[in-house]
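Quick look at coords.txt (compact mmCIF, C-alpha atoms (C1' of nucleotides)):
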```txt
# COMPACT_ATOMS: atom_id res chain seq x y z
CA MET L 1 0.00 0.00 0.00
CA SER L 2 2.35 2.67 1.18
CA ARG L 3 5.25 0.64 -0.15
CA SER L 4 4.56 0.88 -3.82
CA SER L 5 7.50 2.30 -5.68
CA SER L 6 5.88 1.62 -9.04
CA GLY L 7 4.35 4.73 -10.61
CA TYR L 8 0.71 4.69 -9.81
CA HIS L 9 -0.80 4.81 -6.31
CA HIS L 10 1.78 6.68 -4.38
CA GLY L 11 0.29 6.03 -0.96
CA ASP L 12 0.01 9.50 0.48
CA LEU L 13 0.68 11.82 -2.37
CA ARG L 14 -1.27 14.69 -0.94
CA ARG L 15 1.00 15.01 2.05
CA ALA L 16 4.08 14.47 -0.10
CA LEU L 17 3.06 17.31 -2.37
CA VAL L 18 2.39 19.68 0.48
CA GLU L 19 5.75 18.82 1.99
CA ALA L 20 7.52 19.31 -1.32
CA GLY L 21 5.80 22.65 -1.69
CA SER L 22 6.71 23.65 1.84
CA ALA L 23 10.32 22.75 1.19
CA LEU L 24 10.40 24.86 -1.95
CA LEU L 25 8.76 27.70 -0.05
CA GLU L 26 11.75 27.93 2.24
CA GLU L 27 13.87 29.05 -0.69
CA GLN L 28 11.42 30.68 -3.08
CA PRO L 29 8.59 33.15 -2.78
CA PRO L 30 5.11 31.77 -3.46
CA ALA L 31 4.93 33.41 -6.87
CA ARG L 32 7.93 31.43 -8.11
CA ILE L 33 6.66 28.04 -7.02
CA SER L 34 5.39 26.04 -9.96
CA LEU L 35 3.05 23.12 -9.79
CA ARG L 36 5.31 21.12 -12.07
CA GLU L 37 8.37 21.68 -9.91
CA VAL L 38 6.49 20.52 -6.84
CA ALA L 39 5.32 17.43 -8.73
CA ARG L 40 8.86 16.76 -9.91
CA LYS L 41 10.20 17.09 -6.36
CA ALA L 42 7.58 14.62 -5.18
CA GLY L 43 8.56 12.24 -7.99
CA VAL L 44 5.23 12.20 -9.79
CA SER L 45 3.93 13.41 -13.10
CA HIS L 46 3.07 17.04 -13.63
CA ALA L 47 -0.67 16.44 -13.67
CA ALA L 48 -0.78 14.32 -10.54
CA PRO L 49 -1.54 17.22 -8.18
CA TYR L 50 -4.75 18.00 -10.01
CA HIS L 51 -6.63 15.15 -8.46
CA HIS L 52 -5.85 16.26 -4.90
CA PHE L 53 -5.93 20.01 -5.33
CA GLY L 54 -8.07 21.54 -8.00
CA ASP L 55 -5.37 23.78 -9.36
CA ARG L 56 -2.14 25.54 -8.50
CA GLY L 57 -3.95 27.84 -6.11
CA GLY L 58 -5.32 24.84 -4.28
CA LEU L 59 -1.88 23.42 -3.67
CA LEU L 60 -0.48 26.74 -2.54
CA LYS L 61 -3.45 27.21 -0.25
CA ALA L 62 -2.82 23.80 1.32
CA VAL L 63 0.81 24.74 1.83
CA GLY L 64 -0.38 28.01 3.29
CA ASP L 65 -2.63 26.16 5.70
CA GLU L 66 0.38 24.21 6.90
CA CYS L 67 2.32 27.43 7.37
CA MET L 68 -0.60 28.99 9.20
CA ARG L 69 -0.62 26.02 11.57
CA ASP L 70 3.09 26.46 12.27
CA PHE L 71 2.56 30.16 12.72
CA LEU L 72 -0.23 29.62 15.20
CA ASP L 73 1.62 26.89 17.09
CA ARG L 74 4.50 29.24 17.55
CA GLN L 75 2.31 32.00 18.90
CA GLU L 76 0.54 29.66 21.26
CA ALA L 77 3.76 28.14 22.54
CA ALA L 78 5.17 31.60 23.16
CA ALA L 79 2.02 32.73 24.93
CA ALA L 80 1.93 29.61 27.09
CA ALA L 81 5.51 30.08 28.22
CA ALA L 82 4.96 33.61 29.51
CA ALA L 83 4.51 34.37 33.19
CA ASP L 84 2.20 37.37 33.41
CA PRO L 85 -0.20 38.91 30.86
CA ALA L 86 2.20 41.72 29.98
CA GLU L 87 5.01 39.34 29.17
CA ARG L 88 2.53 37.22 27.30
CA LEU L 89 1.60 40.02 24.97
CA VAL L 90 5.27 40.72 24.29
CA ALA L 91 6.00 37.04 23.69
CA LEU L 92 3.11 36.84 21.26
CA GLY L 93 4.46 39.74 19.25
CA ALA L 94 7.98 38.40 19.35
CA ALA L 95 6.82 35.05 17.99
CA TYR L 96 4.90 36.82 15.25
CA VAL L 97 7.89 38.86 14.13
CA SER L 98 10.45 36.09 14.41
CA PHE L 99 8.31 33.83 12.25
CA ALA L 100 8.28 36.47 9.52
CA ASP L 101 12.02 36.85 9.92
CA GLU L 102 12.85 33.16 9.73
CA ARG L 103 10.30 32.12 7.14
CA PRO L 104 9.52 35.20 5.08
CA HIS L 105 8.00 33.28 2.18
CA ALA L 106 5.73 31.30 4.46
CA PHE L 107 4.67 34.53 6.13
CA ALA L 108 3.99 36.12 2.76
CA LEU L 109 1.95 33.12 1.66
CA VAL L 110 -0.19 33.11 4.79
CA PHE L 111 -1.16 36.71 4.14
CA ASP L 112 -1.40 36.53 0.36
CA PRO L 113 -4.92 37.70 -0.46
CA GLU L 114 -4.95 35.70 -3.71
CA LEU L 115 -3.75 32.35 -2.43
CA CYS L 116 -5.05 32.62 1.11
CA PRO L 117 -8.05 34.96 1.10
CA PRO L 118 -8.68 36.58 4.48
CA ASP L 119 -12.32 35.53 4.68
CA ASP L 120 -11.70 31.94 3.62
CA PRO L 121 -14.57 29.86 5.02
CA SER L 122 -12.95 26.53 4.17
CA PRO L 123 -12.90 23.88 6.92
CA GLU L 124 -9.08 23.88 6.99
CA ARG L 125 -8.56 27.58 7.25
CA ALA L 126 -11.52 28.91 9.18
CA PRO L 127 -10.67 27.27 12.53
CA LEU L 128 -7.10 28.50 12.29
CA ILE L 129 -8.23 32.05 11.72
CA ALA L 130 -10.71 31.77 14.56
CA ARG L 131 -8.10 30.35 16.91
CA ASN L 132 -5.68 33.12 16.10
CA GLU L 133 -8.25 35.82 16.63
CA GLN L 134 -9.27 34.23 19.89
CA LEU L 135 -5.68 33.93 21.06
CA LEU L 136 -5.06 37.60 20.45
CA ALA L 137 -8.34 38.64 22.03
CA GLU L 138 -7.63 36.54 25.12
CA CYS L 139 -4.17 37.95 25.56
CA VAL L 140 -5.36 41.52 25.16
CA ALA L 141 -8.30 40.95 27.50
CA ALA L 142 -6.03 39.43 30.13
CA TRP L 143 -3.65 42.32 29.80
CA LEU L 144 -6.45 44.86 30.17
CA GLU L 145 -7.67 43.19 33.31
CA TYR L 146 -4.11 42.84 34.58
CA ARG L 147 -3.77 46.59 34.21
CA GLY L 148 -7.15 47.16 35.74
CA ARG L 149 -8.64 48.83 32.69
CA SER L 150 -11.96 48.62 30.98
CA GLN L 151 -12.53 46.01 28.31
CA GLU L 152 -14.51 48.55 26.35
CA ASP L 153 -12.24 48.92 23.39
CA LEU L 154 -10.85 45.44 23.41
CA GLU L 155 -11.50 44.96 19.73
CA ALA L 156 -9.97 48.23 18.68
CA LEU L 157 -6.92 47.70 20.84
CA ALA L 158 -6.47 44.18 19.51
CA ALA L 159 -6.62 45.51 15.95
CA ALA L 160 -4.07 48.17 16.79
CA LEU L 161 -1.63 45.73 18.36
CA TRP L 162 -2.14 43.35 15.50
CA GLY L 163 -1.40 46.13 13.05
CA THR L 164 1.73 47.22 14.87
CA VAL L 165 3.18 43.76 15.17
CA HIS L 166 2.10 42.77 11.68
CA GLY L 167 3.69 45.87 10.20
CA LEU L 168 7.01 45.28 11.89
CA ALA L 169 6.87 41.62 10.88
CA ALA L 170 6.06 42.47 7.28
CA LEU L 171 8.86 45.02 7.08
CA VAL L 172 11.30 42.54 8.55
CA GLY L 173 10.10 39.80 6.22
CA GLU L 174 10.48 42.06 3.22
CA GLY L 175 13.93 43.14 4.28
CA GLN L 176 12.90 46.72 4.88
CA LEU L 177 13.77 46.55 8.54
CA ALA L 178 16.37 44.54 10.43
CA LEU L 179 15.16 42.25 13.16
CA GLU L 180 17.39 44.03 15.65
CA GLN L 181 15.54 47.27 15.13
CA VAL L 182 12.22 45.83 16.25
CA GLY L 183 12.98 45.62 19.95
CA PRO L 184 14.21 49.21 20.28
CA ALA L 185 11.32 50.40 18.14
CA LEU L 186 8.71 48.84 20.40
CA ARG L 187 10.49 50.13 23.47
CA ALA L 188 10.45 53.63 22.04
CA LEU L 189 6.78 53.28 21.23
CA VAL L 190 6.00 52.32 24.80
CA ARG L 191 8.13 55.14 26.19
CA HIS L 192 6.24 57.81 24.25
CA GLY L 193 2.46 57.67 24.52
CA MET F 1 7.91 62.07 -35.11
CA SER F 2 5.39 61.42 -32.44
CA ARG F 3 2.70 61.06 -35.10
CA SER F 4 3.85 57.85 -36.67
CA SER F 5 1.09 55.30 -36.67
CA SER F 6 3.12 52.87 -38.74
CA GLY F 7 4.57 50.04 -36.69
CA TYR F 8 8.12 50.92 -35.85
CA HIS F 9 9.30 53.91 -33.82
CA HIS F 10 6.44 54.53 -31.54
CA GLY F 11 7.60 57.89 -30.22
CA ASP F 12 7.57 57.37 -26.48
CA LEU F 13 7.03 53.69 -25.95
CA ARG F 14 8.69 53.59 -22.58
CA ARG F 15 6.13 55.90 -21.05
CA ALA F 16 3.29 54.17 -22.88
CA LEU F 17 4.33 50.80 -21.47
CA VAL F 18 4.60 52.11 -17.93
CA GLU F 19 1.17 53.69 -18.26
CA ALA F 20 -0.31 50.49 -19.65
CA GLY F 21 1.24 48.57 -16.79
CA SER F 22 -0.06 51.05 -14.25
CA ALA F 23 -3.54 50.78 -15.71
CA LEU F 24 -3.45 46.99 -15.47
CA LEU F 25 -2.15 47.25 -11.92
CA GLU F 26 -5.35 48.96 -10.85
CA GLU F 27 -7.26 45.76 -11.56
CA GLN F 28 -4.71 43.01 -11.13
CA PRO F 29 -2.04 42.15 -8.56
CA PRO F 30 1.55 42.45 -9.75
CA ALA F 31 1.94 38.69 -10.03
CA ARG F 32 -0.80 38.47 -12.64
CA ILE F 33 0.54 41.20 -14.90
CA SER F 34 2.20 39.73 -17.95
CA LEU F 35 4.69 41.47 -20.15
CA ARG F 36 2.76 40.41 -23.21
CA GLU F 37 -0.50 41.84 -21.99
CA VAL F 38 1.16 45.15 -21.27
CA ALA F 39 2.67 45.15 -24.75
CA ARG F 40 -0.70 44.30 -26.26
CA LYS F 41 -2.36 47.12 -24.36
CA ALA F 42 0.27 49.51 -25.65
CA GLY F 43 -0.36 48.26 -29.19
CA VAL F 44 3.08 46.89 -29.72
CA SER F 45 4.69 43.50 -30.25
CA HIS F 46 5.37 41.28 -27.26
CA ALA F 47 9.13 41.67 -27.45
CA ALA F 48 9.13 45.45 -27.73
CA PRO F 49 9.47 46.06 -23.97
CA TYR F 50 12.78 44.24 -23.87
CA HIS F 51 14.67 47.12 -25.38
CA HIS F 52 13.48 49.59 -22.75
CA PHE F 53 13.38 47.35 -19.70
CA GLY F 54 15.68 44.38 -19.50
CA ASP F 55 12.96 41.94 -18.54
CA ARG F 56 9.57 41.63 -16.91
CA GLY F 57 11.00 42.62 -13.58
CA GLY F 58 12.38 45.78 -15.11
CA LEU F 59 8.99 46.84 -16.36
CA LEU F 60 7.30 46.08 -13.06
CA LYS F 61 10.01 47.97 -11.24
CA ALA F 62 9.44 51.00 -13.45
CA VAL F 63 5.72 50.77 -12.74
CA GLY F 64 6.59 50.43 -9.08
CA ASP F 65 8.71 53.56 -9.23
CA GLU F 66 5.73 55.43 -10.60
CA CYS F 67 3.56 54.09 -7.78
CA MET F 68 6.20 55.03 -5.24
CA ARG F 69 6.18 58.57 -6.60
CA ASP F 70 2.40 58.76 -6.22
CA PHE F 71 2.68 57.29 -2.75
CA LEU F 72 5.26 59.84 -1.71
CA ASP F 73 3.40 62.75 -3.28
CA ARG F 74 0.37 61.81 -1.30
CA GLN F 75 2.26 61.66 1.95
CA GLU F 76 3.94 64.99 1.29
CA ALA F 77 0.70 66.68 0.35
CA ALA F 78 -0.96 65.37 3.49
CA ALA F 79 1.94 66.47 5.65
CA ALA F 80 2.01 69.92 4.08
CA ALA F 81 -1.67 70.48 4.71
CA ALA F 82 -1.44 69.81 8.43
CA ALA F 83 -1.38 72.58 10.99
CA ASP F 84 0.75 71.36 13.87
CA PRO F 85 3.29 68.53 14.16
CA ALA F 86 0.82 66.22 15.91
CA GLU F 87 -1.76 66.60 13.19
CA ARG F 88 0.99 66.21 10.67
CA LEU F 89 1.96 62.82 11.98
CA VAL F 90 -1.65 61.70 11.88
CA ALA F 91 -2.13 63.01 8.36
CA LEU F 92 0.98 61.18 7.23
CA GLY F 93 -0.33 57.91 8.59
CA ALA F 94 -3.78 58.49 7.14
CA ALA F 95 -2.30 59.09 3.70
CA TYR F 96 -0.25 55.93 4.03
CA VAL F 97 -3.23 53.79 4.92
CA SER F 98 -5.66 55.30 2.44
CA PHE F 99 -3.20 54.71 -0.39
CA ALA F 100 -3.07 51.02 0.51
CA ASP F 101 -6.85 50.97 0.67
CA GLU F 102 -7.46 52.66 -2.67
CA ARG F 103 -4.64 51.09 -4.62
CA PRO F 104 -3.82 47.80 -2.94
CA HIS F 105 -1.93 46.35 -5.91
CA ALA F 106 0.21 49.45 -6.25
CA PHE F 107 0.93 49.29 -2.53
CA ALA F 108 1.83 45.62 -2.80
CA LEU F 109 4.14 46.31 -5.73
CA VAL F 110 5.98 49.11 -3.97
CA PHE F 111 6.81 46.77 -1.09
CA ASP F 112 7.39 43.62 -3.13
CA PRO F 113 10.89 42.51 -2.20
CA GLU F 114 11.33 40.73 -5.54
CA LEU F 115 10.22 43.47 -7.90
CA CYS F 116 11.18 46.46 -5.77
CA PRO F 117 14.03 45.41 -3.47
CA PRO F 118 14.26 47.52 -0.32
CA ASP F 119 17.92 48.40 -0.77
CA ASP F 120 17.61 49.28 -4.45
CA PRO F 121 20.45 51.68 -5.25
CA SER F 122 19.08 52.57 -8.69
CA PRO F 123 18.94 56.27 -9.59
CA GLU F 124 15.15 56.14 -9.93
CA ARG F 125 14.39 54.46 -6.67
CA ALA F 126 17.08 55.59 -4.26
CA PRO F 127 16.03 59.27 -4.08
CA LEU F 128 12.42 58.25 -3.49
CA ILE F 129 13.41 56.01 -0.61
CA ALA F 130 15.62 58.73 0.81
CA ARG F 131 12.89 61.32 0.52
CA ASN F 132 10.41 59.09 2.25
CA GLU F 133 12.78 58.31 5.10
CA GLN F 134 13.55 61.97 5.46
CA LEU F 135 9.90 62.94 5.46
CA LEU F 136 9.14 60.51 8.24
CA ALA F 137 12.20 61.51 10.23
CA GLU F 138 11.33 65.20 9.93
CA CYS F 139 7.77 64.66 11.04
CA VAL F 140 8.78 62.57 14.01
CA ALA F 141 11.53 65.02 14.98
CA ALA F 142 9.13 67.94 14.80
CA TRP F 143 6.63 66.06 16.89
CA LEU F 144 9.24 65.22 19.51
CA GLU F 145 10.26 68.84 19.77
CA TYR F 146 6.63 69.92 19.78
CA ARG F 147 6.12 67.68 22.75
CA GLY F 148 9.31 68.89 24.35
CA ARG F 149 10.98 65.50 24.38
CA SER F 150 14.47 64.34 23.65
CA GLN F 151 15.38 63.36 20.12
CA GLU F 152 17.40 60.50 21.51
CA ASP F 153 15.40 57.64 20.10
CA LEU F 154 14.19 59.37 17.00
CA GLU F 155 15.21 56.47 14.80
CA ALA F 156 13.59 53.83 16.95
CA LEU F 157 10.38 55.79 17.28
CA ALA F 158 10.26 56.43 13.55
CA ALA F 159 10.66 52.71 12.92
CA ALA F 160 7.89 51.93 15.40
CA LEU F 161 5.47 54.40 13.85
CA TRP F 162 6.36 53.18 10.40
CA GLY F 163 5.71 49.63 11.50
CA THR F 164 2.37 50.47 13.05
CA VAL F 165 1.08 52.41 10.09
CA HIS F 166 2.53 49.97 7.59
CA GLY F 167 0.91 47.06 9.36
CA LEU F 168 -2.51 48.63 9.38
CA ALA F 169 -2.07 49.64 5.75
CA ALA F 170 -0.98 46.15 4.75
CA LEU F 171 -3.89 44.54 6.57
CA VAL F 172 -6.31 46.92 4.94
CA GLY F 173 -4.75 46.39 1.52
CA GLU F 174 -4.96 42.64 1.94
CA GLY F 175 -8.56 42.82 3.06
CA GLN F 176 -7.79 41.55 6.55
CA LEU F 177 -8.99 44.74 8.16
CA ALA F 178 -11.64 47.25 7.14
CA LEU F 179 -10.57 50.82 6.66
CA GLU F 180 -13.11 51.94 9.24
CA GLN F 181 -11.37 49.92 11.93
CA VAL F 182 -8.12 51.80 11.58
CA GLY F 183 -9.19 55.04 13.20
CA PRO F 184 -10.64 53.44 16.33
CA ALA F 185 -7.64 51.14 16.54
CA LEU F 186 -5.18 54.01 16.59
CA ARG F 187 -7.29 55.91 19.08
CA ALA F 188 -7.31 52.88 21.37
CA LEU F 189 -3.56 52.55 20.99
CA VAL F 190 -3.07 56.15 22.06
CA ARG F 191 -5.47 55.79 24.98
CA HIS F 192 -3.54 52.89 26.47
CA GLY F 193 0.19 53.46 26.84
C1' DC K 1 -11.54 -13.88 -10.91
C1' DC K 2 -13.71 -10.05 -12.63
C1' DT K 3 -15.25 -5.41 -12.41
C1' DC K 4 -15.32 -0.70 -10.91
C1' DC K 5 -13.39 3.35 -8.99
C1' DT K 6 -9.69 5.91 -7.48
C1' DT K 7 -5.23 7.34 -8.60
C1' DC K 8 -1.69 8.48 -11.53
C1' DT K 9 0.43 9.05 -16.53
C1' DT K 10 0.59 10.66 -21.12
C1' DG K 11 -0.25 13.94 -24.50
C1' DA K 12 -1.92 18.15 -26.04
C1' DC K 13 -3.21 23.19 -26.08
C1' DG K 14 -2.68 28.03 -25.31
C1' DG K 15 -0.11 31.40 -22.74
C1' DT K 16 4.22 33.25 -20.80
C1' DG K 17 9.23 35.02 -20.43
C1' DT K 18 13.21 35.46 -23.06
C1' DA K 19 16.75 35.29 -26.67
C1' DA K 20 18.25 35.76 -31.58
C1' DA K 21 17.73 37.48 -36.00
C1' DG K 22 15.53 40.41 -39.26
C1' DA K 23 12.98 44.66 -40.73
C1' DT K 24 12.31 49.73 -40.47
C1' DT K 25 13.29 54.36 -39.71
C1' DG K 26 15.23 58.73 -38.20
C1' DG K 27 19.47 61.33 -37.89
C1' DG K 28 24.48 62.51 -38.51
C1' DG K 29 28.44 62.88 -41.44
C1' DT K 30 30.12 63.56 -45.96
C1' DA C 1 21.47 65.34 -51.38
C1' DC C 2 22.89 60.96 -50.18
C1' DC C 3 24.37 57.06 -47.50
C1' DC C 4 25.15 54.63 -43.61
C1' DC C 5 24.47 53.62 -38.91
C1' DA C 6 22.45 52.93 -34.67
C1' DA C 7 18.37 52.73 -32.27
C1' DT C 8 13.89 50.81 -32.30
C1' DC C 9 10.45 47.51 -33.18
C1' DT C 10 8.90 42.81 -35.37
C1' DT C 11 9.25 38.07 -36.28
C1' DT C 12 10.43 33.68 -35.10
C1' DA C 13 11.69 30.23 -31.96
C1' DC C 14 12.32 27.69 -27.54
C1' DA C 15 11.49 26.14 -22.99
C1' DC C 16 8.47 26.35 -19.30
C1' DC C 17 4.08 26.83 -17.25
C1' DG C 18 -1.08 25.78 -15.92
C1' DT C 19 -4.76 23.12 -17.38
C1' DC C 20 -7.65 19.68 -19.55
C1' DA C 21 -8.85 15.14 -21.78
C1' DA C 22 -7.97 10.43 -22.45
C1' DG C 23 -5.96 6.35 -21.04
C1' DA C 24 -3.30 2.99 -18.04
C1' DA C 25 -2.49 0.73 -13.32
C1' DG C 26 -3.80 -1.18 -9.32
C1' DG C 27 -6.57 -1.90 -5.04
C1' DA C 28 -11.26 -3.10 -3.10
C1' DG C 29 -15.53 -5.41 -3.15
C1' DG C 30 -18.59 -8.50 -5.54
```
Show this structure as structure tokens.
Amino acid sequence: MSRSSSGYHHGDLRRALVEAGSALLEEQPPARISLREVARKAGVSHAAPYHHFGDRGGLLKAVGDECMRDFLDRQEAAAAAAADPAERLVALGAAYVSFADERPHAFALVFDPELCPPDDPSPERAPLIARNEQLLAECVAAWLEYRGRSQEDLEALAAALWGTVHGLAALVGEGQLALEQVGPALRALVRHG
Amino acid sequence: MSRSSSGYHHGDLRRALVEAGSALLEEQPPARISLREVARKAGVSHAAPYHHFGDRGGLLKAVGDECMRDFLDRQEAAAAAAADPAERLVALGAAYVSFADERPHAFALVFDPELCPPDDPSPERAPLIARNEQLLAECVAAWLEYRGRSQEDLEALAAALWGTVHGLAALVGEGQLALEQVGPALRALVRHG
DNA sequence: CCTCCTTCTTGACGGTGTAAAGATTGGGGT
DNA sequence: ACCCCAATCTTTACACCGTCAAGAAGGAGG
């Protein structure tokens, strides 16, 4: 079954393709990844992917889902390891930025509006998005309570923090900003109101 | 000279191609814009662009330069129209975000690390980058003085503000955040330290 | 054992980026 | 005035790509 080295019936081609795509993504931006190259890397014909993913976008989206999972895992692990709510918020942001720094193409794919649309209702993506939103909301809510403030503008504050961290991450991922500049930048932002 | 409708010697093909590319960019993301389609739109053979721009990337970069100019003009106009340094900083950010909202593909192109590398030393791009950095630095410096604070961490604060605004702009441009959420988000960020 | 259904291959089509070679034209030197 | 040249654009060609249609291979259930 899984030990068939003869052409047809690969065993678990879907996973193999996603892994091949993920491997290529470490060295190439999403736009440069071709379906045929992924198929070649997985040792199958160029049309094989079409049965598992409808088209090129489908494959890239599956790879993006994998990246999103990694991205989320990292945020959750960082949040879990923090002591108090303030540290937790910082750890969350640090995980966000360092992911973009270490895997810029994966980060770009996750936020590519063509390949990974933001309002994707698919059963693979939707729970990930929900979990990420919830994680952020929880951390911000805990921090607000920790500081003894009202939860009134929880949503707005969450959006603002998301924007700040996302912007720094994007700039780092695109090479516009060095990772070392992020820490000082955030410290300066806290210092001035 | 410029009125030659017969095939060869277009007159000002370079500009025509950039304009055709810019027009396509209003409806398509950079990745979907093909050299041949741009050439077609300009009424010229598919290999014509190669004499003016080395390759596809060259054309897209030229289009990106044009977008960057628009982007900068908008920021400068917004900054010039503001009364005091505080308003000026807000206006700068608002211009940044609204550009990403109105022309998401242009925004994406300007910050595409493949097509428009961040450390591009080319004579078209370098002055634009410098001008933008200077504009931000000036606005932040003026604001610091306006508030009677030290200019010590000017650079770090500029990076932080850039990150914040860029993040919100990117999220809006990618459809992850609605434009209406940006104002409340920033207000919440100011409210809490 | 035979059949069916899933999975994968082969082959083909149009589109793309790019390079090489050929056509056209405007302008400078005589 | 002419000729030649260099710049500009076209034509042709090639490899690669995404996608679709048809066919082969093999496992699962009768």
Return as a tab-separated table the residues of chain L lying at most 7 Å from chain F, together with the closest atom-to-atom pair for each and the distance in Å to one decimal, counting all atoms listed in the file, with rows in chain order and ascending residue number.
```
residue	atom	partner	partner_atom	distance
L:Ala31	CA	F:Ala31	CA	6.8
L:Pro113	CA	F:Glu174	CA	5.5
L:Pro118	CA	F:Gln176	CA	5.5
L:Asp153	CA	F:Ala188	CA	6.6
L:Ala156	CA	F:Ala185	CA	4.3
L:Leu157	CA	F:Ala188	CA	5.2
L:Ala159	CA	F:Ala185	CA	5.8
L:Ala160	CA	F:Ala185	CA	4.7
L:Gly163	CA	F:Gly167	CA	4.5
L:Thr164	CA	F:Thr164	CA	3.8
L:His166	CA	F:Gly167	CA	5.0
L:Gly167	CA	F:Gly167	CA	3.1
L:Leu168	CA	F:Gly163	CA	4.6
L:Glu174	CA	F:Pro113	CA	5.5
L:Gly175	CA	F:Pro118	CA	6.4
L:Gln176	CA	F:Pro118	CA	5.4
L:Pro184	CA	F:Ala156	CA	5.7
L:Ala185	CA	F:Ala156	CA	4.3
L:Leu186	CA	F:Ala160	CA	5.9
L:Ala188	CA	F:Leu157	CA	5.2
L:Leu189	CA	F:Leu157	CA	5.9
L:Val190	CA	F:Gly193	CA	6.3
L:Gly193	CA	F:Gly193	CA	5.3
```
Margin query: I need the contact residues of chain L against chain K, so if you could list those with any atom within 9 Å, counting all atoms listed in the file, and return them as an MDAnalysis selection string, that would help.
Written below: chainID L and resid 7:10 44:48 51
Against chain L, which residues of chain C fall within 8 Å? For each one I want the closest pair of atoms and the distance in Å (one decimal), counting all atoms listed in the file, rows by chain and increasing residue number, as CSV.
```
residue,atom,partner,partner_atom,distance
C:DC17,C1',L:Ser34,CA,7.4
C:DG18,C1',L:Arg56,CA,7.5
C:DA25,C1',L:Tyr8,CA,6.2
C:DG26,C1',L:His9,CA,7.3
```
Item checked: Atomic separation - atom CA of F:Arg40 relative to atom C1' of C:DT8, Å ->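 So the answer is 17.1 Å.
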Notebook entry, point to check: Can you tell me how far atom C1' of C:DT12 sits from atom CA of F:His52, in Å to one decimal?
Noted result: 20.4 Å
Item checked: Two-atom distance - atom CA of L:Leu136, atom CA of L:Val90 (Å) ->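 Straight-line distance from atom CA of L:Leu136 to atom CA of L:Val90 works out to 11.5 Å.
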Stretch 119-132 of chain F, all listed atoms, 5 Å padding on each side: what axis-aligned box centre and edge lengths in Å to one decimal come out, as AutoDock Vina command-line options?
```
--center_x 15.4 --center_y 54.9 --center_z -3.8 --size_x 20.0 --size_y 22.9 --size_z 22.2
```
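For the choices F:Cys116, F:Cys139, F:Val97, F:Ala106, the atom-to-atom distance to F:Gln28 is smallest for F:Ala106 when using all atoms listed in the file.
Between F:Ala23 and the candidates F:Arg125, F:Arg74, F:Arg131, F:Arg103, the tightest atom-to-atom separation, counting only C-alpha atoms, involves F:Arg103.
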Margin query: Using all atoms listed in the file and a cutoff of 12 Å, can you tell me which residues are near (0.6, 65.1, 11.0) in the file's coordinates, and write them out as a PyMOL selection string?
Written below: chain F and resi 75-96+135-136+138-143+146
For F:Ala42: contacts at 9 Å, only C-alpha atoms (C1' of nucleotides), fewer than 3 positions along chain excluded, given as a PDB file with C-alpha atoms, in the frame of the given file:
```
ATOM      1  CA  LEU F  13       7.030  53.690 -25.950  1.00  0.00           C
ATOM      2  CA  ALA F  16       3.290  54.170 -22.880  1.00  0.00           C
ATOM      3  CA  LEU F  17       4.330  50.800 -21.470  1.00  0.00           C
ATOM      4  CA  GLU F  19       1.170  53.690 -18.260  1.00  0.00           C
ATOM      5  CA  ALA F  20      -0.310  50.490 -19.650  1.00  0.00           C
ATOM      6  CA  GLY F  21       1.240  48.570 -16.790  1.00  0.00           C
ATOM      7  CA  GLU F  37      -0.500  41.840 -21.990  1.00  0.00           C
ATOM      8  CA  VAL F  38       1.160  45.150 -21.270  1.00  0.00           C
ATOM      9  CA  ALA F  39       2.670  45.150 -24.750  1.00  0.00           C
ATOM     10  CA  SER F  45       4.690  43.500 -30.250  1.00  0.00           C
TER      11      SER F  45
END
```
